[in-house]
Amino acid sequence: MIGVREQQRAEDPPTGTGPLRFLGPVVGGLPDEPEPGTIGTGQVLRLITRQLFAYPVTTDPAARPVPDAALELPTVDNGGISPDGRTWRIRLRRGVHWDAQRARELAGGDVVRGLKRTAHPLARSMRPYFGALIEGLADYYRHYDEEFGHWEAHAPALAQFSHLTRIPGLRAEGDTVVLRLTEPANDLLDLLATGYAAAAPREYDYYVPDSPELYRCNPACGPYRIAKQLTPGGDFVLEPNPRWDPATDPIRRRTASRIDVVASSGGEPVDDATAFGVLSWDLPAPAASFGGTGCSYYLSAVPGGSAQAHAARHALSWAVDRAALAAAARTAGADGAAAQHGVLQPGDPGAERFEEAAPDAGDPERARRLLADAGLGPGTRLTVAVPTGSRPAAVATALTGVLVRYGIAVVAVSPGAPGADLTLHEWAPRWAGNANRDLLHRIWPSDGGTGDPAGVAAEALRALDPGTATARWRRFDRLATADLRLVPLIVAAWPRARADALAAGVARW
């Protein structure tokens, strides 16, 4: 389609640094070995579009989302949130324009369209979160799969489905977006601040998501727009968006006259993020500031394995030298690493250092007694399923060196291999801020039974009062840590060369 974008060019920023050059986004999750100079998919998205809420550029892991395309943070007091916490009315900021052929203001329908597009397979990882919270969205996902799961859909069919399929909990009323939730959710702001919740202009309906045609005719409302896309996954160029007004954008800034994103460096130097006025994603994180930004490691018992009994996991929690594991992570390239004694990451508002916790270096004398009582004495062989990648491998190697002190041999196998006794888990939050819902969904092995700490966590997520929520998270952490379905090991801050704003929350455009 021709003519869906403004053709004029913006003047170069008066304080511009000139063009910047980056390596292209890494496809498929956080890379095991990040490559310097790599720009992330989340960063590119942040440069060209807007969300209702976003994170400011900061190294403070406790930072909360602030209004982006939204006029203000909704609260019960200002009428943005109903007293029961289930209805949110979010007013949009005026003056945010799409780079369309004729400048068009960002509207509530664009936000609704963007949230509906989380049905696409590229956003499948976020379905459990949005689908569980927005009334009717889970049914929308199911109908989407029924319609398009068996064939390659074309754009008109996708657009027609989106327009005709109503979601009870998602609608636009002029300059206001109305969300009806299945239950109160005090982490909704964090979810709406992810790139998955970015607004989508009506031009998106003309093309299949993630198609070359969409990238060639892609109206932007951020400080930059896509000027040239050569091939999917290949080079592309970002240029200043003539419709972007810094007075309407409290989050972003534009200091470069052009951004080249290339598939490979070709021996030419690339810029790091600091030249663009963005905080480096390699900044060391102190031990007290891991919550929401660190990568945590846990052990869990495999049903039927020799460590299934609570006594065995309790013994291991006292035997593990977490200080040695943290040192191994730093040797393997972590900017910072620390012992983790609770299920929640250190720095999380609900995390506490328990007085009864084992020392960082473990307690060998007590551990030997506990291991013997649990049937894990000298000569024991434990098989541990270890995720792929050099980072969990470094933690597993260090764990092997620790347990051999007790005469326990550790054999590492691939995830899913039969006969494993333990599983090593690696968890990095999928979004910045309050990501405890992600921990529960992906890591915590809830059994749904009476007394399951996950029930307390659900109460914490529903609590509208911050003090109440924090108190319930502390109770969850205490119960979960005593339960030991997960044995906490360490938390590490790995360099994030792509600084994916959706998962890392360390560097934010």
# chains A, B, ... in the order shown; residues from 1 in each chain; ligands from 1

$ closest_atom_pairs --of "segment 61-141 of chain A" --to "segment 151-175 of chain A" --cutoff "12 Å" --atoms "only C-alpha atoms" --output "Markdown table"
| residue | atom | partner | partner_atom | distance |
| --- | --- | --- | --- | --- |
| A:Ala69 | CA | A:Asp175 | CA | 10.8 |
| A:Ala70 | CA | A:Asp175 | CA | 9.6 |
| A:Leu71 | CA | A:Asp175 | CA | 10.0 |
| A:Arg86 | CA | A:Gly169 | CA | 9.7 |
| A:Thr87 | CA | A:Gly169 | CA | 8.6 |
| A:Trp88 | CA | A:Gly169 | CA | 9.8 |
| A:Arg89 | CA | A:Glu173 | CA | 9.3 |
| A:Ile90 | CA | A:Asp175 | CA | 8.5 |
| A:Arg91 | CA | A:Asp175 | CA | 5.9 |
| A:Leu92 | CA | A:Asp175 | CA | 5.5 |
| A:Arg93 | CA | A:Asp175 | CA | 8.2 |
| A:Arg94 | CA | A:Asp175 | CA | 8.5 |
| A:Gly95 | CA | A:Asp175 | CA | 11.5 |
| A:Val96 | CA | A:Asp175 | CA | 11.6 |
| A:Glu105 | CA | A:Asp175 | CA | 9.9 |
| A:Leu106 | CA | A:Asp175 | CA | 8.8 |
| A:Ala107 | CA | A:Asp175 | CA | 6.0 |
| A:Gly108 | CA | A:Ala172 | CA | 4.9 |
| A:Gly109 | CA | A:Ala172 | CA | 5.5 |
| A:Asp110 | CA | A:Ala172 | CA | 8.8 |
| A:Val111 | CA | A:Ala172 | CA | 8.1 |
| A:Val112 | CA | A:Arg171 | CA | 6.4 |
| A:Arg113 | CA | A:Ser162 | CA | 7.7 |
| A:Gly114 | CA | A:Ser162 | CA | 10.4 |
| A:Leu115 | CA | A:Leu170 | CA | 8.6 |
| A:Lys116 | CA | A:Ser162 | CA | 7.0 |
| A:Arg117 | CA | A:Ser162 | CA | 8.3 |
| A:Thr118 | CA | A:Ser162 | CA | 11.2 |
| A:Ala119 | CA | A:Ser162 | CA | 9.8 |
| A:His120 | CA | A:Leu158 | CA | 9.7 |
| A:Pro121 | CA | A:Glu152 | CA | 11.8 |
| A:Phe130 | CA | A:Gly169 | CA | 11.1 |
| A:Gly131 | CA | A:Gly169 | CA | 10.5 |
| A:Ala132 | CA | A:Gly169 | CA | 11.3 |
| A:Leu133 | CA | A:Gly169 | CA | 9.1 |
| A:Ile134 | CA | A:Gly169 | CA | 5.5 |
| A:Glu135 | CA | A:Gly169 | CA | 4.3 |
| A:Gly136 | CA | A:Ile167 | CA | 5.2 |
| A:Leu137 | CA | A:Ile167 | CA | 6.0 |
| A:Ala138 | CA | A:Ile167 | CA | 9.3 |
| A:Asp139 | CA | A:Ile167 | CA | 8.3 |
| A:Tyr140 | CA | A:Ile167 | CA | 6.8 |
| A:Tyr141 | CA | A:Ile167 | CA | 10.2 |

$ residues_around --residues "Ala312 of chain A" --least-positions-apart "5" --cutoff "12 Å" --atoms "only C-alpha atoms" --output "list in words"
Leu299, Ser300, Ala301, Val302, Gly305, Ser306, Ala307, Ser317, Trp318, Ala319, Ala367, Arg368, Arg369, Leu370, Leu371, Ala372, Asp373, Ala374, Gly375, Leu376, Gly377, Thr380, Leu382, Asp421, Leu422, Leu484, Arg485 and Val487 of chain A

$ write_last_selection --atoms "C-alpha atoms" --output "PDB file, in the first residue's frame"
ATOM      1  CA  LEU A 299      17.025 -26.349  42.650  1.00  0.00           C
ATOM      2  CA  SER A 300      13.847 -28.408  42.678  1.00  0.00           C
ATOM      3  CA  ALA A 301      13.372 -32.119  43.272  1.00  0.00           C
ATOM      4  CA  VAL A 302      12.160 -34.400  40.487  1.00  0.00           C
ATOM      5  CA  GLY A 305      14.220 -38.878  42.650  1.00  0.00           C
ATOM      6  CA  SER A 306      16.471 -39.335  45.652  1.00  0.00           C
ATOM      7  CA  ALA A 307      16.023 -35.680  46.679  1.00  0.00           C
ATOM      8  CA  SER A 317      19.951 -25.865  51.461  1.00  0.00           C
ATOM      9  CA  TRP A 318      22.458 -25.987  54.338  1.00  0.00           C
ATOM     10  CA  ALA A 319      25.158 -27.715  52.301  1.00  0.00           C
ATOM     11  CA  ALA A 367      24.919 -30.104  56.579  1.00  0.00           C
ATOM     12  CA  ARG A 368      26.765 -33.411  57.032  1.00  0.00           C
ATOM     13  CA  ARG A 369      24.360 -34.448  59.793  1.00  0.00           C
ATOM     14  CA  LEU A 370      21.311 -33.423  57.762  1.00  0.00           C
ATOM     15  CA  LEU A 371      22.584 -35.125  54.605  1.00  0.00           C
ATOM     16  CA  ALA A 372      23.245 -38.360  56.457  1.00  0.00           C
ATOM     17  CA  ASP A 373      19.785 -38.300  58.047  1.00  0.00           C
ATOM     18  CA  ALA A 374      18.278 -37.746  54.572  1.00  0.00           C
ATOM     19  CA  GLY A 375      20.188 -40.664  53.033  1.00  0.00           C
ATOM     20  CA  LEU A 376      22.555 -38.431  51.046  1.00  0.00           C
ATOM     21  CA  GLY A 377      25.813 -39.416  52.678  1.00  0.00           C
ATOM     22  CA  THR A 380      25.627 -40.539  46.850  1.00  0.00           C
ATOM     23  CA  LEU A 382      22.780 -36.982  42.224  1.00  0.00           C
ATOM     24  CA  ASP A 421      16.968 -36.282  40.847  1.00  0.00           C
ATOM     25  CA  LEU A 422      17.065 -32.489  40.715  1.00  0.00           C
ATOM     26  CA  LEU A 484      11.564 -25.786  49.755  1.00  0.00           C
ATOM     27  CA  ARG A 485       9.847 -26.871  46.566  1.00  0.00           C
ATOM     28  CA  VAL A 487      15.825 -24.326  46.964  1.00  0.00           C
TER      29      VAL A 487
END

$ atom_distance --atom1 "atom CA of Trp494 of chain A" --atom2 "atom CA of Asp477 of chain A"
24.0 Å

$ select_by_dssp --residues "segment 405-493 of chain A" --states "strand (DSSP E)" --output "mmCIF file with N, CA, C and O atoms, in the first residue's frame"
data_model
loop_
_atom_site.group_PDB
_atom_site.id
_atom_site.type_symbol
_atom_site.label_atom_id
_atom_site.label_comp_id
_atom_site.auth_asym_id
_atom_site.auth_seq_id
_atom_site.Cartn_x
_atom_site.Cartn_y
_atom_site.Cartn_z
ATOM 1 N N ALA A 409 28.534 -37.034 44.381
ATOM 2 C CA ALA A 409 28.885 -36.817 42.983
ATOM 3 C C ALA A 409 27.669 -36.262 42.241
ATOM 4 O O ALA A 409 26.557 -36.765 42.410
ATOM 5 N N VAL A 410 27.867 -35.236 41.435
ATOM 6 C CA VAL A 410 26.798 -34.625 40.648
ATOM 7 C C VAL A 410 27.023 -34.928 39.179
ATOM 8 O O VAL A 410 28.119 -34.700 38.648
ATOM 9 N N VAL A 411 25.985 -35.433 38.521
ATOM 10 C CA VAL A 411 26.033 -35.720 37.088
ATOM 11 C C VAL A 411 25.025 -34.810 36.406
ATOM 12 O O VAL A 411 23.828 -34.844 36.727
ATOM 13 N N ALA A 412 25.484 -33.957 35.509
ATOM 14 C CA ALA A 412 24.601 -33.037 34.795
ATOM 15 C C ALA A 412 24.037 -33.700 33.546
ATOM 16 O O ALA A 412 24.767 -34.353 32.791
ATOM 17 N N VAL A 413 22.721 -33.547 33.334
ATOM 18 C CA VAL A 413 22.064 -34.084 32.143
ATOM 19 C C VAL A 413 21.202 -32.977 31.541
ATOM 20 O O VAL A 413 20.968 -31.933 32.160
ATOM 21 N N LEU A 422 17.276 -33.912 40.486
ATOM 22 C CA LEU A 422 17.065 -32.489 40.715
ATOM 23 C C LEU A 422 17.022 -31.748 39.386
ATOM 24 O O LEU A 422 17.560 -32.226 38.383
ATOM 25 N N THR A 423 16.399 -30.583 39.406
ATOM 26 C CA THR A 423 16.401 -29.692 38.249
ATOM 27 C C THR A 423 16.968 -28.351 38.672
ATOM 28 O O THR A 423 16.580 -27.805 39.710
ATOM 29 N N LEU A 424 17.915 -27.839 37.897
ATOM 30 C CA LEU A 424 18.420 -26.488 38.110
ATOM 31 C C LEU A 424 17.581 -25.534 37.270
ATOM 32 O O LEU A 424 17.476 -25.694 36.055
ATOM 33 N N HIS A 425 16.961 -24.555 37.905
ATOM 34 C CA HIS A 425 16.118 -23.582 37.211
ATOM 35 C C HIS A 425 16.855 -22.260 37.084
ATOM 36 O O HIS A 425 17.545 -21.822 38.011
ATOM 37 N N GLU A 426 16.689 -21.607 35.945
ATOM 38 C CA GLU A 426 17.212 -20.268 35.708
ATOM 39 C C GLU A 426 16.018 -19.363 35.393
ATOM 40 O O GLU A 426 15.271 -19.629 34.458
ATOM 41 N N TRP A 427 15.836 -18.307 36.188
ATOM 42 C CA TRP A 427 14.688 -17.423 35.978
ATOM 43 C C TRP A 427 15.126 -15.973 35.893
ATOM 44 O O TRP A 427 15.701 -15.425 36.826
ATOM 45 N N VAL A 487 14.700 -24.631 46.074
ATOM 46 C CA VAL A 487 15.825 -24.326 46.964
ATOM 47 C C VAL A 487 16.576 -23.148 46.336
ATOM 48 O O VAL A 487 17.220 -23.300 45.298
ATOM 49 N N PRO A 488 16.497 -21.947 46.917
ATOM 50 C CA PRO A 488 17.177 -20.793 46.314
ATOM 51 C C PRO A 488 18.689 -20.951 46.388
ATOM 52 O O PRO A 488 19.228 -21.438 47.388
ATOM 53 N N LEU A 489 19.367 -20.532 45.330
ATOM 54 C CA LEU A 489 20.826 -20.617 45.287
ATOM 55 C C LEU A 489 21.441 -19.224 45.241
ATOM 56 O O LEU A 489 21.921 -18.725 46.238
ATOM 57 N N ILE A 490 21.423 -18.597 44.068
ATOM 58 C CA ILE A 490 22.030 -17.271 43.917
ATOM 59 C C ILE A 490 21.187 -16.441 42.954
ATOM 60 O O ILE A 490 20.308 -16.950 42.248
ATOM 61 N N VAL A 491 21.481 -15.152 42.925
ATOM 62 C CA VAL A 491 20.952 -14.248 41.911
ATOM 63 C C VAL A 491 22.154 -13.576 41.264
ATOM 64 O O VAL A 491 23.122 -13.223 41.941
ATOM 65 N N ALA A 492 22.130 -13.431 39.942
ATOM 66 C CA ALA A 492 23.254 -12.846 39.202
ATOM 67 C C ALA A 492 22.734 -11.791 38.240
ATOM 68 O O ALA A 492 21.619 -11.895 37.717
ATOM 69 N N ALA A 493 23.524 -10.762 38.032
ATOM 70 C CA ALA A 493 23.217 -9.727 37.046
ATOM 71 C C ALA A 493 24.170 -9.922 35.878
ATOM 72 O O ALA A 493 25.332 -9.539 35.941
#

$ closest_residue --among "A:Ala435, A:Ala185, A:Leu214, A:Cys221" --to "Ala460 of chain A" --atoms "only C-alpha atoms"
A:Ala185

$ atom_distance --atom1 "atom CA of Ala256 of chain A" --atom2 "atom CA of Pro240 of chain A"
8.2 Å

$ residues_around --residues "Ala393 of chain A" --least-positions-apart "3" --cutoff "12 Å" --atoms "only C-alpha atoms" --output "number ranges by chain"
A: 32, 297, 325, 328-329, 332, 384-390, 396-400, 411-414, 424-426

$ residues_around --residues "segment 478-480 of chain A" --least-positions-apart "2" --cutoff "12 Å" --atoms "only C-alpha atoms" --output "PyMOL selection string"
chain A and resi 341-344+350-357+440+444-446+451-457+471-476+482-488

$ atom_distance --atom1 "atom CA of Pro349 of chain A" --atom2 "atom CA of Asn434 of chain A"
9.2 Å

$ closest_residue --among "A:Asn218, A:Thr255, A:Asn436, A:Ser296" --to "Asp187 of chain A" --atoms "only C-alpha atoms"
A:Asn436

$ select_by_dssp --residues "segment 43-87 of chain A" --states "helix (DSSP H, G or I)" --output "list in words"
Gln43, Val44, Leu45, Arg46, Leu47 and Ile48 of chain A
